[in-house]
Amino acid sequence: MLKKSLIALCIVLMGATKLFGEKPYELTVAKIMQDPKWIGISPSNVHWSEDGKWIYFNWNPDGDISDSLYKVSPNGGKPQKVSPKERQLLPSRYGDYSKDWMKKVYAKNSDIFMQNIKNGNTTQITNTVDRESNPKFSGDEKSVTFISGGNIYRWAMAAGSVTQITNFREGEEKSEDKEPKTEHEKWLKQEELRLIGILEKRKTKREKRKDMEDAEEPKRPLEIFFGSKVVQNVQLSPDGNYVTFQLHKAAKDAKRTIVPSYVAETGFTEDLNARDKVGRPNGTYELGIYNILADTVMYVAIDSLPGIFDRPQFTELEESDKSKKREVFFSNSVWSDNGKQCATVLQSLDNKDRWIVALDLTSANLKLLDHQHDDAWVGGPGIRRWRGAVSIGWTPDNKKFWFQSEATGYSHLYTVDAATGEKNQLTKGEFEVRDVRISKDKKWWYFRSNEVHPGELHLYRMKIGGGKWEQITTMTGNNDGVFSPDEKTVAIRHSYSNRPWDLFVMKNKPKAKAVRLTDSQTDEWKAYPWRDPEIITFSAEDGAEVYARLYRPEKPEENGPAVIFVHGAGYLQNVHKWWSSYYREFMFHNLLVDHGYTVLDIDYRGSAGYGRDWRTAIYRYMGGKDLSDQVDGAKLLVEKFNVDPKRIGIYGGSYGGFITLMAMFTEPGVFAAGASLRPVTDWAHYNHPYTSNILNIPQADSLAYVRSSPIYHAEGLEGALLMCHGMIDTNVHFQDVVRLSQRLIELGKENWEVAIYPLEGHGFREPSSWTDEYRRIFKLFETHLK
């Protein structure tokens, strides 16, 4: 037995030597930055067949140009590639279901279809060159509605006929009889008709002719003119009697930016239309209600909302009219299953308030169900994305509305009784809840949370009435579940710190065994012993507990070098026990450790996963506590891990590039070298949705922008600085690094350089660009930290 084991070990080592050259497991920048197919492409877009016999997913085990659709039985077996013919016949994975889950309507190739799930038969409802979308069953399930050309249409199942429900029209309503606008005009018209008899006769005849024509024409939906505005989120009530819709008017003076593309197929410089900048004027939003039976339109008044006339600090340039209401955005209307209750979510455009309201469709009146205010900004898992709520709905009893809130400091699940206003918190603790849904049988809540550890995500269930929740998944890491149609089985996408995503399946029972269905990593990638980074905590200067990933050599050098990595995106988590979206950096950190570096990767203030106070700790000062956490990390490396304080480097991209610049400019002597990739150098030039959350708007809060923007602190540069930026970056513009370069030139700084990438945007696409960038980073550290 021992002899066989030794032989097997020798074969593995020989294979590794063949893959990596004479030295087994030797990593190079070129190897880790090549096309990600060398790692293996993980399963994605997991979903079930409607009969529950197959699990479908996108996959690419053969390293083809693009992913293909595969299927595998939940009972196991080898995954099969779905043929083009079979794929063409498959329904969309999205759609609306009948109450008994036996019928499904969906859009595919811009047409509408209905599938009988029991027998598999499919009926094509539309077949046009127009785009039809968003099909829904009516409340009585006798018809299907869908959107075409911005209007709602109804298909009657029995008759097979299609009826137009709404008639939204661009422009202004035109009339043969121009109605007078002022009292003066009214008097003149009245006198003219009284004095000139022919005019009066013609007017009377014209009105009678129009009445006769109207009587002969079939009943048509009311024309709703929206002028130069845009109609959005058109929704029909389950009983078919009301339509809710939004009107959006874009701000006239919201100037957009242009990004030049210098290398193009035409041989000419081309302009890429890009985003606007923070502080641009907001547009306006209105919520309208079309009463079909009364043939009238009403618009919702928001005057009754608490705080709607408030003026939050730093959100306006100067003290304005206190009678002016704050601008709000309306999310989709959400109806209860019985169609009798309607609610919606409003968000202030200054990001400080969220209101959940019940909507009376007969009067357009609002009833407040919940109000969340945050002096920083409203956010958190399941609570808010830009322009929309995330986790909301009605409970099965049609009486309570459920939502998520950070009222306790962490995002949790709540219900509120629409009649009494009584609220009930269903989940509690110092952890966050996300991906909330109700089971098909209406007996369970399902959600994911990081209750076990901030760096783990598990699937849970809880009885619909509340009580103790149960953990379903047990595999350490991230467990992203998709339930089978009967909800007895769960397909799980799972990954661990040093193992990418793969597909598993398990019974929908607490702590049931998960069975692996795919093995996506290549033999070449598996041949290297990728490190499992240690998750540690340390105390920041203000006493906060900070989580970090630590990579260490087996035999660290006495007073050795170290590198701190700063993840991007601001509100993102990277200190976790699953496969990181920063997988190239993960491999680069393994390479650095091979060369004797200790690497620290910190979930600094502003990162996701740690609750409201952590999320908003960077309010009005980016480069404050988020940067001091990096400095405290450097102190930890020196005091606990035997690192030379003069041999510490720092690097990161996007927000990580910004922090790198702030570190190099405002923390002299802490970092000997820094690599700043695609960095924001001046927050006044970044986008509005993200930046206005944290720093308000520059014209009203210039202090926050000045102290948070590296370009104002460039005179402090002491260590060696490398900046890398794609020239066609439409997110963080190349202009950022150009402006900072000019500033460094004027300051007479010499210890910096810039690498430009003419055909790259914010996220690089070409392996050659990744390789060039990280060779430069590695050279920077080897030169200044060794």
# chains A, B, ... in the order shown; residues from 1 in each chain; ligands from 1
call {"tool": "select_by_dssp", "arguments": {"residues": "segment 48-200 of chain A", "states": "alpha helix (DSSP H)", "output": "list in words"}}
result
Pro84, Lys85, Glu86, Arg87, Gln88, Leu89, Glu183, His184, Glu185, Lys186, Trp187, Leu188, Lys189, Gln190, Glu191, Glu192, Leu193, Arg194, Leu195, Gly197, Ile198, Leu199 and Glu200 of chain A
call {"tool": "write_last_selection", "arguments": {"atoms": "C-alpha atoms", "output": "mmCIF file, in the first residue's frame"}}
result
data_model
loop_
_atom_site.group_PDB
_atom_site.id
_atom_site.type_symbol
_atom_site.label_atom_id
_atom_site.label_comp_id
_atom_site.auth_asym_id
_atom_site.auth_seq_id
_atom_site.Cartn_x
_atom_site.Cartn_y
_atom_site.Cartn_z
ATOM 1 C CA PRO A 84 -29.008 23.687 -30.408
ATOM 2 C CA LYS A 85 -32.311 22.072 -31.413
ATOM 3 C CA GLU A 86 -33.223 21.195 -27.823
ATOM 4 C CA ARG A 87 -32.133 24.621 -26.603
ATOM 5 C CA GLN A 88 -34.367 26.323 -29.155
ATOM 6 C CA LEU A 89 -37.401 24.472 -27.759
ATOM 7 C CA GLU A 183 -60.312 85.127 -17.706
ATOM 8 C CA HIS A 184 -59.669 87.732 -20.366
ATOM 9 C CA GLU A 185 -59.558 85.088 -23.101
ATOM 10 C CA LYS A 186 -62.709 83.398 -21.738
ATOM 11 C CA TRP A 187 -64.631 86.690 -21.861
ATOM 12 C CA LEU A 188 -63.539 87.437 -25.430
ATOM 13 C CA LYS A 189 -64.602 83.967 -26.641
ATOM 14 C CA GLN A 190 -67.946 84.175 -24.904
ATOM 15 C CA GLU A 191 -68.688 87.587 -26.411
ATOM 16 C CA GLU A 192 -67.600 86.503 -29.908
ATOM 17 C CA LEU A 193 -69.921 83.481 -29.873
ATOM 18 C CA ARG A 194 -72.805 85.643 -28.578
ATOM 19 C CA LEU A 195 -72.338 88.333 -31.213
ATOM 20 C CA GLY A 197 -74.249 83.688 -34.852
ATOM 21 C CA ILE A 198 -72.484 81.741 -37.623
ATOM 22 C CA LEU A 199 -69.602 80.924 -35.295
ATOM 23 C CA GLU A 200 -72.029 79.622 -32.649
#
call {"tool": "residues_around", "arguments": {"residues": "Thr415 of chain A", "least_positions_apart": "5", "cutoff": "7 Å", "atoms": "only C-alpha atoms", "output": "list in words"}}
result
Lys400, Phe401, Trp402, Phe403, Lys423, Asn424 and Gln425 of chain A
call {"tool": "write_last_selection", "arguments": {"atoms": "all heavy atoms", "output": "JSON list (two decimals), in the first residue's frame"}}
result
[["chain", "number", "residue", "atom", "x", "y", "z"],
["A", 400, "LYS", "N", -50.03, 41.57, 5.61],
["A", 400, "LYS", "CA", -48.76, 42.17, 6.04],
["A", 400, "LYS", "C", -47.82, 42.34, 4.85],
["A", 400, "LYS", "O", -47.79, 41.51, 3.94],
["A", 400, "LYS", "CB", -48.09, 41.30, 7.11],
["A", 400, "LYS", "CG", -48.92, 41.06, 8.36],
["A", 400, "LYS", "CD", -48.15, 40.22, 9.36],
["A", 400, "LYS", "CE", -49.03, 39.83, 10.54],
["A", 400, "LYS", "NZ", -50.05, 38.84, 10.16],
["A", 401, "PHE", "N", -47.05, 43.42, 4.93],
["A", 401, "PHE", "CA", -46.04, 43.68, 3.92],
["A", 401, "PHE", "C", -44.67, 43.37, 4.54],
["A", 401, "PHE", "O", -44.40, 43.74, 5.68],
["A", 401, "PHE", "CB", -46.08, 45.15, 3.48],
["A", 401, "PHE", "CG", -45.31, 45.43, 2.22],
["A", 401, "PHE", "CD1", -45.82, 45.09, 0.98],
["A", 401, "PHE", "CD2", -44.06, 46.05, 2.27],
["A", 401, "PHE", "CE1", -45.12, 45.36, -0.18],
["A", 401, "PHE", "CE2", -43.35, 46.32, 1.12],
["A", 401, "PHE", "CZ", -43.88, 45.97, -0.11],
["A", 402, "TRP", "N", -43.82, 42.64, 3.79],
["A", 402, "TRP", "CA", -42.51, 42.30, 4.35],
["A", 402, "TRP", "C", -41.40, 43.08, 3.62],
["A", 402, "TRP", "O", -41.53, 43.42, 2.45],
["A", 402, "TRP", "CB", -42.24, 40.80, 4.31],
["A", 402, "TRP", "CG", -42.18, 40.15, 2.95],
["A", 402, "TRP", "CD1", -43.19, 39.54, 2.28],
["A", 402, "TRP", "CD2", -41.01, 40.01, 2.12],
["A", 402, "TRP", "NE1", -42.76, 39.03, 1.08],
["A", 402, "TRP", "CE2", -41.42, 39.31, 0.96],
["A", 402, "TRP", "CE3", -39.68, 40.39, 2.24],
["A", 402, "TRP", "CZ2", -40.53, 38.99, -0.08],
["A", 402, "TRP", "CZ3", -38.80, 40.09, 1.21],
["A", 402, "TRP", "CH2", -39.23, 39.40, 0.08],
["A", 403, "PHE", "N", -40.33, 43.35, 4.36],
["A", 403, "PHE", "CA", -39.25, 44.18, 3.84],
["A", 403, "PHE", "C", -38.02, 43.96, 4.69],
["A", 403, "PHE", "O", -38.06, 43.26, 5.72],
["A", 403, "PHE", "CB", -39.66, 45.65, 3.85],
["A", 403, "PHE", "CG", -39.98, 46.19, 5.22],
["A", 403, "PHE", "CD1", -39.03, 46.88, 5.97],
["A", 403, "PHE", "CD2", -41.25, 46.00, 5.78],
["A", 403, "PHE", "CE1", -39.33, 47.36, 7.24],
["A", 403, "PHE", "CE2", -41.55, 46.50, 7.05],
["A", 403, "PHE", "CZ", -40.59, 47.17, 7.78],
["A", 423, "LYS", "N", -45.44, 46.40, 13.55],
["A", 423, "LYS", "CA", -44.24, 45.82, 12.92],
["A", 423, "LYS", "C", -43.73, 44.66, 13.74],
["A", 423, "LYS", "O", -43.87, 44.63, 14.97],
["A", 423, "LYS", "CB", -43.14, 46.88, 12.78],
["A", 423, "LYS", "CG", -43.48, 47.99, 11.81],
["A", 423, "LYS", "CD", -42.41, 49.06, 11.80],
["A", 423, "LYS", "CE", -42.90, 50.28, 11.01],
["A", 423, "LYS", "NZ", -41.98, 51.42, 11.15],
["A", 424, "ASN", "N", -43.11, 43.71, 13.04],
["A", 424, "ASN", "CA", -42.56, 42.53, 13.69],
["A", 424, "ASN", "C", -41.21, 42.21, 13.05],
["A", 424, "ASN", "O", -41.13, 42.02, 11.84],
["A", 424, "ASN", "CB", -43.52, 41.35, 13.54],
["A", 424, "ASN", "CG", -43.06, 40.12, 14.30],
["A", 424, "ASN", "OD1", -42.28, 40.22, 15.25],
["A", 424, "ASN", "ND2", -43.54, 38.95, 13.89],
["A", 425, "GLN", "N", -40.17, 42.17, 13.86],
["A", 425, "GLN", "CA", -38.85, 41.81, 13.37],
["A", 425, "GLN", "C", -38.71, 40.29, 13.44],
["A", 425, "GLN", "O", -38.78, 39.70, 14.51],
["A", 425, "GLN", "CB", -37.76, 42.49, 14.20],
["A", 425, "GLN", "CG", -36.36, 42.21, 13.67],
["A", 425, "GLN", "CD", -35.27, 42.91, 14.47],
["A", 425, "GLN", "OE1", -35.56, 43.73, 15.33],
["A", 425, "GLN", "NE2", -34.01, 42.60, 14.18]]
call {"tool": "closest_atom_pairs", "arguments": {"of": "segment 576-609 of chain A", "to": "segment 624-627 of chain A", "cutoff": "9 Å", "atoms": "only C-alpha atoms", "output": "Markdown table"}}
result
| residue | atom | partner | partner_atom | distance |
| --- | --- | --- | --- | --- |
| A:Asp603 | CA | A:Asp626 | CA | 8.8 |
| A:Tyr604 | CA | A:Asp626 | CA | 5.1 |
| A:Arg605 | CA | A:Asp626 | CA | 4.7 |
| A:Gly606 | CA | A:Asp626 | CA | 6.7 |
| A:Ser607 | CA | A:Asp626 | CA | 8.8 |
call {"tool": "residues_around", "arguments": {"residues": "Leu503 of chain A", "least_positions_apart": "4", "cutoff": "12 Å", "atoms": "only C-alpha atoms", "output": "number ranges by chain"}}
result
A: 41-47, 55-59, 70-74, 76, 79, 478-482, 490-495, 514-520
call {"tool": "closest_residue", "arguments": {"among": "A:Arg552, A:His733, A:Lys104, A:Lys352", "to": "His371 of chain A", "atoms": "only C-alpha atoms"}}
result
A:Lys352
call {"tool": "residues_around", "arguments": {"residues": "Met664 of chain A", "least_positions_apart": "6", "cutoff": "8 Å", "atoms": "only C-alpha atoms", "output": "JSON, numbers by chain"}}
result
{"A": [671, 673, 674, 716, 717, 718, 719, 721]}
call {"tool": "select_by_dssp", "arguments": {"residues": "segment 530-682 of chain A", "states": "strand (DSSP E)", "output": "NGL selection string"}}
result
:A and (534-539 or 545-551 or 560-566 or 598-602 or 643-653 or 673-677)
call {"tool": "residues_around", "arguments": {"residues": "His589 of chain A", "least_positions_apart": "6", "cutoff": "9 Å", "atoms": "only C-alpha atoms", "output": "list in words"}}
result
Tyr551, Val563, Phe565, Tyr597, Thr598 and Val599 of chain A
call {"tool": "closest_atom_pairs", "arguments": {"of": "segment 327-361 of chain A", "to": "segment 221-232 of chain A", "cutoff": "12 Å", "atoms": "only C-alpha atoms", "output": "CSV"}}
result
residue,atom,partner,partner_atom,distance
A:Phe329,CA,A:Gln232,CA,11.5
A:Phe330,CA,A:Gln232,CA,10.2
A:Ser331,CA,A:Gln232,CA,10.1
A:Asn332,CA,A:Gln232,CA,9.4
A:Ser333,CA,A:Gln232,CA,11.6
call {"tool": "residues_around", "arguments": {"residues": "segment 391-397 of chain A", "least_positions_apart": "6", "cutoff": "10 Å", "atoms": "only C-alpha atoms", "output": "VMD selection string"}}
result
chain A and resid 333 to 338 341 to 345 356 381 to 384 403 to 405 413 to 418 434 to 438 441 to 443 445 464 to 465
call {"tool": "closest_atom_pairs", "arguments": {"of": "segment 550-604 of chain A", "to": "segment 763-768 of chain A", "cutoff": "12 Å", "atoms": "only C-alpha atoms", "output": "Markdown table"}}
result
| residue | atom | partner | partner_atom | distance |
| --- | --- | --- | --- | --- |
| A:Gly568 | CA | A:Gly763 | CA | 11.5 |
| A:Ser581 | CA | A:Gly763 | CA | 11.8 |
| A:Tyr582 | CA | A:Gly763 | CA | 11.2 |
| A:Arg584 | CA | A:Pro767 | CA | 10.9 |
call {"tool": "closest_residue", "arguments": {"among": "A:Ile659, A:Val105, A:Met727, A:Val144", "to": "Pro91 of chain A", "atoms": "only C-alpha atoms"}}
result
A:Val105
call {"tool": "closest_residue", "arguments": {"among": "A:Tyr610, A:Tyr97, A:Trp683, A:Trp752", "to": "Phe665 of chain A", "atoms": "only C-alpha atoms"}}
result
A:Trp752
call {"tool": "atom_distance", "arguments": {"atom1": "atom CA of Thr771 of chain A", "atom2": "atom CA of Ser68 of chain A"}}
result
27.5 Å
call {"tool": "residues_around", "arguments": {"residues": "Thr476 of chain A", "least_positions_apart": "2", "cutoff": "8 Å", "atoms": "only C-alpha atoms", "output": "NGL selection string"}}
result
:A and (456 or 474 or 478 or 496 or 577)
call {"tool": "write_last_selection", "arguments": {"atoms": "C-alpha atoms", "output": "PDB file, in the first residue's frame"}}
result
ATOM      1  CA  GLU A 456     -19.619  32.594   5.095  1.00  0.00           C
ATOM      2  CA  THR A 474     -23.255  23.145   5.822  1.00  0.00           C
ATOM      3  CA  ASN A 478     -20.606  30.506  -0.121  1.00  0.00           C
ATOM      4  CA  TYR A 496     -14.299  27.919  -1.069  1.00  0.00           C
ATOM      5  CA  LYS A 577     -14.287  31.899   2.722  1.00  0.00           C
TER       6      LYS A 577
END
call {"tool": "atom_distance", "arguments": {"atom1": "atom CA of Ser709 of chain A", "atom2": "atom CA of His567 of chain A"}}
result
17.8 Å
call {"tool": "closest_residue", "arguments": {"among": "A:Asp594, A:Trp578, A:Phe658, A:Trp444", "to": "Lys555 of chain A", "atoms": "only C-alpha atoms"}}
result
A:Asp594
call {"tool": "closest_residue", "arguments": {"among": "A:Asp350, A:Glu451, A:Asp370, A:Glu213", "to": "Leu305 of chain A", "atoms": "only C-alpha atoms"}}
result
A:Asp370
